[in-house]
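S.K.: protein31.csv is the file, holding CSV, C-alpha atoms and all ligand atoms:
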chain,number,residue,atom,x,y,z
A,1,MET,CA,-156.6,137.0,160.2
A,2,ALA,CA,-153.2,135.8,159.0
A,3,ASP,CA,-150.9,138.4,157.5
A,4,ASP,CA,-151.0,136.8,154.1
A,5,HIS,CA,-154.7,137.2,154.0
A,6,ALA,CA,-154.5,140.8,155.0
A,7,HIS,CA,-152.0,141.3,152.2
A,8,VAL,CA,-154.3,139.7,149.7
A,9,GLN,CA,-157.2,142.0,150.9
A,10,GLU,CA,-155.0,145.1,150.7
A,11,PHE,CA,-153.7,144.2,147.3
A,12,PHE,CA,-157.0,143.4,145.7
A,13,GLY,CA,-159.0,145.9,147.7
A,14,ALA,CA,-156.9,148.7,146.2
A,15,ARG,CA,-157.5,147.4,142.7
A,16,ALA,CA,-161.2,146.3,142.9
A,17,ALA,CA,-162.8,149.5,141.5
A,18,HIS,CA,-160.8,149.4,138.3
A,19,TRP,CA,-160.3,145.6,138.0
A,20,ASP,CA,-162.7,145.1,135.0
A,21,SER,CA,-161.5,148.1,133.1
A,22,ARG,CA,-157.9,146.9,133.2
A,23,PHE,CA,-158.8,143.7,131.4
A,24,PRO,CA,-161.6,144.6,129.0
A,25,HIS,CA,-160.8,141.9,126.4
A,26,ASP,CA,-160.7,138.8,128.6
A,27,GLY,CA,-164.3,137.7,128.0
A,28,PRO,CA,-163.7,135.1,125.2
A,29,ALA,CA,-160.9,133.4,127.1
A,30,TYR,CA,-163.1,133.1,130.2
A,31,ALA,CA,-165.8,131.6,128.0
A,32,VAL,CA,-163.4,128.9,126.9
A,33,GLY,CA,-162.3,128.3,130.5
A,34,VAL,CA,-165.9,127.8,131.7
A,35,ALA,CA,-166.8,125.6,128.7
A,36,ALA,CA,-164.0,123.2,129.7
A,37,LEU,CA,-165.8,122.4,132.9
A,38,GLY,CA,-168.5,120.7,130.8
A,39,LEU,CA,-171.3,122.0,133.1
A,40,ARG,CA,-174.8,120.7,132.7
A,41,SER,CA,-178.2,122.3,133.4
A,42,GLY,CA,-178.9,122.0,137.1
A,43,ASP,CA,-175.3,121.6,138.2
A,44,ALA,CA,-173.8,123.4,141.2
A,45,VAL,CA,-170.6,125.3,140.7
A,46,LEU,CA,-168.3,127.5,142.8
A,47,ASP,CA,-166.2,130.4,141.4
A,48,ALA,CA,-163.3,130.3,143.9
A,49,GLY,CA,-161.7,133.7,144.3
A,50,CYS,CA,-164.4,135.1,142.1
A,51,GLY,CA,-163.2,138.7,142.4
A,52,THR,CA,-165.5,141.1,140.6
A,53,GLY,CA,-167.5,138.1,139.3
A,54,ARG,CA,-166.4,138.2,135.7
A,55,ALA,CA,-167.1,134.5,135.3
A,56,LEU,CA,-170.4,134.4,137.1
A,57,PRO,CA,-172.7,135.2,134.2
A,58,LEU,CA,-171.0,132.5,132.1
A,59,LEU,CA,-171.3,130.0,134.9
A,60,ARG,CA,-175.0,130.9,135.3
A,61,GLU,CA,-175.6,130.5,131.6
A,62,ALA,CA,-173.9,127.0,131.8
A,63,VAL,CA,-176.0,125.7,134.7
A,64,GLY,CA,-179.2,127.4,133.8
A,65,PRO,CA,-181.9,128.8,136.1
A,66,ASP,CA,-182.2,125.5,138.1
A,67,GLY,CA,-178.4,125.3,138.8
A,68,THR,CA,-176.5,126.8,141.6
A,69,VAL,CA,-173.7,129.4,141.2
A,70,ILE,CA,-171.7,130.5,144.2
A,71,GLY,CA,-168.9,133.1,144.2
A,72,VAL,CA,-166.4,133.2,147.1
A,73,ASP,CA,-163.8,135.8,147.7
A,74,LEU,CA,-161.7,137.0,150.6
A,75,THR,CA,-161.7,140.7,149.5
A,76,PRO,CA,-164.9,142.7,150.4
A,77,GLN,CA,-164.1,145.4,147.8
A,78,MET,CA,-164.0,142.8,145.0
A,79,LEU,CA,-167.4,141.4,146.0
A,80,ALA,CA,-168.8,145.0,146.2
A,81,ALA,CA,-167.5,145.6,142.7
A,82,ALA,CA,-169.2,142.4,141.6
A,83,ASP,CA,-172.5,143.6,143.1
A,84,ASP,CA,-172.0,147.1,141.5
A,85,ALA,CA,-171.6,145.4,138.1
A,86,GLY,CA,-174.9,143.6,138.6
A,87,ARG,CA,-173.4,140.2,138.9
A,88,ALA,CA,-174.9,139.3,142.2
A,89,GLY,CA,-178.0,138.3,140.2
A,90,ALA,CA,-175.9,135.5,138.5
A,91,GLY,CA,-174.9,133.8,141.7
A,92,MET,CA,-174.7,134.0,145.5
A,93,LEU,CA,-171.7,136.0,146.7
A,94,LEU,CA,-169.9,134.9,149.8
A,95,LEU,CA,-167.1,136.6,151.7
A,96,ALA,CA,-165.0,133.6,152.7
A,97,ASP,CA,-161.6,132.0,152.6
A,98,VAL,CA,-161.3,129.1,150.2
A,99,ALA,CA,-159.4,127.4,153.1
A,100,ARG,CA,-162.7,127.2,155.1
A,101,LEU,CA,-165.7,127.1,152.8
A,102,PRO,CA,-169.1,127.3,154.4
A,103,LEU,CA,-170.3,124.4,152.2
A,104,HIS,CA,-171.2,120.8,152.9
A,105,ALA,CA,-168.9,118.0,151.7
A,106,GLN,CA,-169.5,117.0,148.1
A,107,ALA,CA,-172.1,119.8,147.6
A,108,LEU,CA,-170.8,120.8,144.2
A,109,ASP,CA,-170.2,119.4,140.7
A,110,ALA,CA,-167.4,121.7,139.8
A,111,VAL,CA,-165.1,124.6,140.8
A,112,PHE,CA,-163.8,127.4,138.5
A,113,ALA,CA,-160.8,129.3,139.8
A,114,ALA,CA,-159.4,132.1,137.7
A,115,GLY,CA,-156.2,133.8,138.8
A,116,LEU,CA,-156.4,132.3,142.2
A,117,ILE,CA,-153.8,129.7,142.8
A,118,ALA,CA,-150.8,132.0,142.7
A,119,HIS,CA,-152.3,134.0,145.6
A,120,LEU,CA,-152.9,131.0,148.0
A,121,SER,CA,-150.6,130.9,151.0
A,122,GLN,CA,-151.2,127.2,151.6
A,123,PRO,CA,-152.1,125.8,148.1
A,124,GLU,CA,-152.2,122.1,149.1
A,125,ALA,CA,-154.5,122.6,152.0
A,126,ASP,CA,-156.7,125.0,150.0
A,127,LEU,CA,-157.0,122.6,147.1
A,128,ARG,CA,-157.9,119.9,149.5
A,129,GLU,CA,-160.7,122.1,150.9
A,130,LEU,CA,-161.9,122.6,147.3
A,131,ALA,CA,-161.8,118.8,146.8
A,132,ARG,CA,-163.9,118.3,150.0
A,133,VAL,CA,-166.8,120.3,148.6
A,134,VAL,CA,-166.8,118.6,145.2
A,135,ARG,CA,-168.4,115.2,144.5
A,136,PRO,CA,-166.1,112.4,143.3
A,137,GLY,CA,-165.7,112.8,139.5
A,138,GLY,CA,-166.4,116.5,139.8
A,139,ARG,CA,-164.1,119.0,138.0
A,140,LEU,CA,-161.8,121.8,138.8
A,141,ALA,CA,-160.6,124.4,136.3
A,142,LEU,CA,-157.5,126.4,137.2
A,143,PHE,CA,-157.6,129.2,134.7
A,144,HIS,CA,-155.8,132.4,133.7
A,145,PRO,CA,-156.3,134.5,130.6
A,146,LEU,CA,-152.5,134.6,130.2
A,147,GLY,CA,-150.2,131.7,129.9
A,148,ARG,CA,-147.2,131.4,132.3
A,149,ALA,CA,-144.6,132.9,130.0
A,150,ALA,CA,-146.8,135.9,129.1
A,151,LEU,CA,-147.7,136.5,132.7
A,152,ALA,CA,-144.1,136.4,133.8
A,153,ALA,CA,-143.2,138.8,131.0
A,154,ARG,CA,-145.9,141.2,132.1
A,155,GLN,CA,-144.8,141.0,135.7
A,156,GLY,CA,-141.1,141.5,134.7
A,157,ARG,CA,-139.9,138.2,136.1
A,158,GLU,CA,-138.2,135.1,134.7
A,159,LEU,CA,-140.3,132.0,134.0
A,160,SER,CA,-139.4,129.4,136.6
A,161,ASP,CA,-139.9,125.7,137.1
A,162,ASP,CA,-140.7,126.5,140.7
A,163,ASP,CA,-143.8,128.2,139.5
A,164,LEU,CA,-146.8,126.5,141.2
A,165,ARG,CA,-148.4,126.3,137.7
A,166,ALA,CA,-145.5,124.5,136.0
A,167,GLU,CA,-146.9,121.2,134.9
A,168,PRO,CA,-144.8,118.7,137.0
A,169,ARG,CA,-145.3,120.8,140.1
A,170,LEU,CA,-149.0,121.3,139.6
A,171,THR,CA,-149.5,117.6,138.8
A,172,ARG,CA,-147.9,116.6,142.2
A,173,LEU,CA,-149.8,119.4,144.1
A,174,LEU,CA,-153.1,118.3,142.7
A,175,ALA,CA,-152.5,114.6,143.4
A,176,ALA,CA,-151.6,115.4,147.0
A,177,SER,CA,-154.8,117.3,147.5
A,178,GLY,CA,-157.4,114.9,146.1
A,179,TRP,CA,-157.3,115.8,142.4
A,180,GLN,CA,-156.0,114.2,139.2
A,181,LEU,CA,-154.8,116.5,136.5
A,182,VAL,CA,-156.5,115.5,133.2
A,183,SER,CA,-155.5,118.2,130.8
A,184,TYR,CA,-153.0,121.1,130.7
A,185,VAL,CA,-152.8,124.0,128.3
A,186,ASP,CA,-150.2,126.8,128.7
A,187,GLU,CA,-150.4,129.1,125.7
A,188,ASP,CA,-149.8,132.9,125.6
A,189,THR,CA,-153.5,133.6,125.6
A,190,ARG,CA,-154.7,131.0,128.0
A,191,PHE,CA,-153.6,128.8,131.0
A,192,LEU,CA,-156.1,126.0,131.7
A,193,ALA,CA,-155.4,123.1,134.0
A,194,LEU,CA,-158.4,120.7,134.3
A,195,ALA,CA,-158.5,118.2,137.2
A,196,VAL,CA,-161.0,115.6,138.3
A,197,ARG,CA,-161.9,114.9,142.0
A,198,GLN,CA,-160.7,111.5,143.1
A,199,ASP,CA,-162.8,109.1,145.0
A,201,LIG,C1,-156.3,137.7,140.4
A,201,LIG,S1,-157.8,137.9,141.2
A,201,LIG,C2,-158.9,137.1,140.1
A,201,LIG,C3,-160.3,137.5,140.3
A,201,LIG,C4,-161.3,136.8,139.4
A,201,LIG,N1,-161.3,135.4,139.5
A,201,LIG,C5,-161.0,137.2,137.9
A,201,LIG,O1,-160.6,136.3,137.2
A,201,LIG,O2,-161.2,138.3,137.6
A,201,LIG,C6,-157.6,136.8,142.6
A,201,LIG,C7,-158.8,136.8,143.6
A,201,LIG,O3,-158.7,135.8,144.5
A,201,LIG,C8,-159.0,136.3,145.8
A,201,LIG,N2,-158.4,135.4,146.8
A,201,LIG,C9,-157.1,135.3,147.1
A,201,LIG,N3,-156.9,134.4,148.1
A,201,LIG,C10,-158.1,133.9,148.4
A,201,LIG,C11,-158.6,133.0,149.4
A,201,LIG,N4,-157.7,132.4,150.2
A,201,LIG,N5,-159.9,132.8,149.5
A,201,LIG,C12,-160.8,133.5,148.7
A,201,LIG,N6,-160.4,134.3,147.8
A,201,LIG,C13,-159.1,134.6,147.6
A,201,LIG,C14,-158.6,137.7,145.8
A,201,LIG,O4,-159.3,138.5,146.8
A,201,LIG,C15,-158.9,138.1,144.4
A,201,LIG,O5,-160.2,138.7,144.3
Can I see the file as structure tokens?
M.R.:
Amino acid sequence: MADDHAHVQEFFGARAAHWDSRFPHDGPAYAVGVAALGLRSGDAVLDAGCGTGRALPLLREAVGPDGTVIGVDLTPQMLAAADDAGRAGAGMLLLADVARLPLHAQALDAVFAAGLIAHLSQPEADLRELARVVRPGGRLALFHPLGRAALAARQGRELSDDDLRAEPRLTRLLAASGWQLVSYVDEDTRFLALAVRQD
């Protein structure tokens, strides 16, 4: 496994057990992020980098009992915490890298990805892999419960235009990987970029 993946696993593995208790008030923001996908009953949706599965019950609620919910994460301890929290019942949990998804092409209607993009070592290739598994016209929500400025402040760094989530950079990145950015919100309490899978 590449060093950067080992780093991700080490970083999140050490935080998995306490992840949910660190962010107890995020629920309403996640509900807004999931709602933006416009999921319908029976849809198939992937939570990419699902972590402890905080979004899985919301996604299940959106697609109903006949829908499909899959959570993929690289860090075993995050998936174990999802299981411990009883979220395995909301969706299928898979230990996998978003760079190589064990899914057929165009198998999904949508992808929800919360807090993922900043941790990707090869974002363009990874976003292209997410496009591969989504049908044309399907949607991708890149979400974070904090906007860019608020997150930079919390992490003690300057806000930079080089940030992958800065709108011009993200627009180009998505276009290069099979997505079209259709809406972009960057407020203190929410980052939400919505993209549509191109034909
Ligand atoms: C900031 S956490 C967010 C977790 C969860 N989505 C949430 O909102 O609580 C980022 C997650 O992405 C996962 N991750 C990072 N790179 C990944 C990759 N290449 N493939 C799958 N998961 C990855 C990490 O293991 C971690 O659980």
S.K.: Within 6 Å of ligand LIG 201 (chain A), which residues of chain A come that close, and what is the closest atom pair and distance in Å for each? Count all atoms listed in the file and give it as a tab-separated table.
M.R.:
residue	atom	partner	partner_atom	distance
A:Val8	CA	A:LIG201	C9	5.8
A:Gln9	CA	A:LIG201	O4	5.8
A:Phe12	CA	A:LIG201	O4	5.5
A:Gly49	CA	A:LIG201	O3	3.7
A:Cys50	CA	A:LIG201	N1	4.1
A:Gly51	CA	A:LIG201	O5	3.6
A:Thr52	CA	A:LIG201	O2	5.9
A:Arg54	CA	A:LIG201	O2	5.5
A:Val72	CA	A:LIG201	C12	5.8
A:Asp73	CA	A:LIG201	N6	3.7
A:Leu74	CA	A:LIG201	C12	4.1
A:Thr75	CA	A:LIG201	O4	4.2
A:Met78	CA	A:LIG201	O5	5.6
A:Ala96	CA	A:LIG201	C12	5.8
A:Asp97	CA	A:LIG201	N5	3.6
A:Val98	CA	A:LIG201	N5	4.0
A:Ala114	CA	A:LIG201	N1	4.2
A:Gly115	CA	A:LIG201	C1	4.2
A:Leu116	CA	A:LIG201	C6	4.7
A:His119	CA	A:LIG201	C9	5.2
A:Leu120	CA	A:LIG201	N3	5.3
S.K.: Using only C-alpha atoms, which residue out of A:Ala82, A:Leu192, A:Ala31, A:Ala105 lies closest to Phe143 in chain A?
M.R.: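 Of A:Ala82, A:Leu192, A:Ala31, A:Ala105, the one nearest Phe143 in chain A is A:Leu192, counting only C-alpha atoms.
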S.K.: Excluding Pro102 in chain A and any residue of its chain fewer than 4 positions from it, enumerate the residues within 12 Å of it, using only C-alpha atoms, and give them as an NGL selection string.
M.R.: :A and (46 or 70-72 or 93-98 or 107 or 129-130 or 132-133)
S.K.: With all atoms listed in the file as the basis for distance, which of A:Ser41, A:Ala90, A:Ser160, A:Leu101 is at the shortest distance from Leu58 in chain A?
M.R.: A:Ala90
S.K.: Rounded to one decimal in Å, what is the spacing between CA of Tyr184 in chain A and CA of Ala118 in chain A?
M.R.: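 That distance, rounded to one decimal, is 16.4 Å.
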S.K.: In terms of the shortest atom-to-atom distance over only C-alpha atoms, which of A:Arg15, A:Arg157, A:His7, A:Arg197 is closest to Ala81 in chain A?
M.R.: A:Arg15
S.K.: Residues within 8 Å of range 161-175 of chain A, please, as a PDB file with C-alpha atoms, keeping the file's coordinate frame. Count all atoms listed in the file; anything in the same chain fewer than 6 positions from it doesn't count.
M.R.:
ATOM      1  CA  ILE A 117    -153.800 129.700 142.800  1.00  0.00           C
ATOM      2  CA  ALA A 118    -150.800 132.000 142.700  1.00  0.00           C
ATOM      3  CA  PRO A 123    -152.100 125.800 148.100  1.00  0.00           C
ATOM      4  CA  GLU A 124    -152.200 122.100 149.100  1.00  0.00           C
ATOM      5  CA  LEU A 127    -157.000 122.600 147.100  1.00  0.00           C
ATOM      6  CA  ARG A 148    -147.200 131.400 132.300  1.00  0.00           C
ATOM      7  CA  LEU A 181    -154.800 116.500 136.500  1.00  0.00           C
ATOM      8  CA  TYR A 184    -153.000 121.100 130.700  1.00  0.00           C
ATOM      9  CA  ALA A 195    -158.500 118.200 137.200  1.00  0.00           C
TER      10      ALA A 195
END
S.K.: Just give me the gap between CA of Leu194 in chain A and CA of Arg139 in chain A in Å, one decimal is fine.
M.R.: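 CA of Arg139 in chain A lies at a distance of 7.0 Å from CA of Leu194 in chain A.
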S.K.: Using the atoms already present, construct N, CA and C atoms for range 169-195 of chain A and hand them back as a tab-separated table (two decimals), keeping the file's coordinate frame.
M.R.:
chain	number	residue	atom	x	y	z
A	169	ARG	N	-144.95	120.35	138.77
A	169	ARG	CA	-145.30	120.80	140.10
A	169	ARG	C	-146.76	120.74	140.39
A	170	LEU	N	-147.51	121.23	139.42
A	170	LEU	CA	-149.00	121.30	139.60
A	170	LEU	C	-149.57	119.86	139.63
A	171	THR	N	-149.03	118.96	138.83
A	171	THR	CA	-149.50	117.60	138.80
A	171	THR	C	-149.35	116.97	140.25
A	172	ARG	N	-148.18	117.19	140.85
A	172	ARG	CA	-147.90	116.60	142.20
A	172	ARG	C	-148.84	117.32	143.24
A	173	LEU	N	-148.95	118.63	143.12
A	173	LEU	CA	-149.80	119.40	144.10
A	173	LEU	C	-151.23	118.92	144.03
A	174	LEU	N	-151.75	118.75	142.83
A	174	LEU	CA	-153.10	118.30	142.70
A	174	LEU	C	-153.31	116.89	143.23
A	175	ALA	N	-152.37	116.01	142.91
A	175	ALA	CA	-152.50	114.60	143.40
A	175	ALA	C	-152.45	114.55	144.91
A	176	ALA	N	-151.69	115.45	145.52
A	176	ALA	CA	-151.60	115.40	147.00
A	176	ALA	C	-152.82	116.03	147.66
A	177	SER	N	-153.69	116.65	146.87
A	177	SER	CA	-154.80	117.30	147.50
A	177	SER	C	-156.18	116.77	147.00
A	178	GLY	N	-156.14	115.56	146.40
A	178	GLY	CA	-157.40	114.90	146.10
A	178	GLY	C	-157.87	115.09	144.64
A	179	TRP	N	-156.98	115.59	143.76
A	179	TRP	CA	-157.30	115.80	142.40
A	179	TRP	C	-156.41	115.10	141.43
A	180	GLN	N	-156.91	114.77	140.25
A	180	GLN	CA	-156.00	114.20	139.20
A	180	GLN	C	-156.05	115.20	138.01
A	181	LEU	N	-154.87	115.66	137.63
A	181	LEU	CA	-154.80	116.50	136.50
A	181	LEU	C	-155.11	115.74	135.21
A	182	VAL	N	-156.07	116.21	134.42
A	182	VAL	CA	-156.50	115.50	133.20
A	182	VAL	C	-156.14	116.21	131.93
A	183	SER	N	-155.97	117.51	132.00
A	183	SER	CA	-155.50	118.20	130.80
A	183	SER	C	-154.81	119.51	131.23
A	184	TYR	N	-153.87	119.95	130.38
A	184	TYR	CA	-153.00	121.10	130.70
A	184	TYR	C	-152.70	121.86	129.47
A	185	VAL	N	-153.09	123.14	129.45
A	185	VAL	CA	-152.80	124.00	128.30
A	185	VAL	C	-152.11	125.25	128.84
A	186	ASP	N	-150.95	125.57	128.28
A	186	ASP	CA	-150.20	126.80	128.70
A	186	ASP	C	-149.77	127.50	127.45
A	187	GLU	N	-150.66	128.35	126.94
A	187	GLU	CA	-150.40	129.10	125.70
A	187	GLU	C	-150.35	130.61	126.14
A	188	ASP	N	-149.83	131.47	125.26
A	188	ASP	CA	-149.80	132.90	125.60
A	188	ASP	C	-151.12	133.46	126.01
A	189	THR	N	-152.15	133.02	125.32
A	189	THR	CA	-153.50	133.60	125.60
A	189	THR	C	-154.35	132.83	126.52
A	190	ARG	N	-153.79	131.79	127.14
A	190	ARG	CA	-154.70	131.00	128.00
A	190	ARG	C	-153.84	129.99	128.82
A	191	PHE	N	-154.12	129.95	130.12
A	191	PHE	CA	-153.60	128.80	131.00
A	191	PHE	C	-154.88	128.12	131.45
A	192	LEU	N	-154.90	126.80	131.25
A	192	LEU	CA	-156.10	126.00	131.70
A	192	LEU	C	-155.64	124.65	132.12
A	193	ALA	N	-155.72	124.40	133.42
A	193	ALA	CA	-155.40	123.10	134.00
A	193	ALA	C	-156.77	122.50	134.46
A	194	LEU	N	-157.10	121.33	133.95
A	194	LEU	CA	-158.40	120.70	134.30
A	194	LEU	C	-158.08	119.47	135.15
A	195	ALA	N	-158.76	119.35	136.29
A	195	ALA	CA	-158.50	118.20	137.20
A	195	ALA	C	-159.86	117.59	137.58
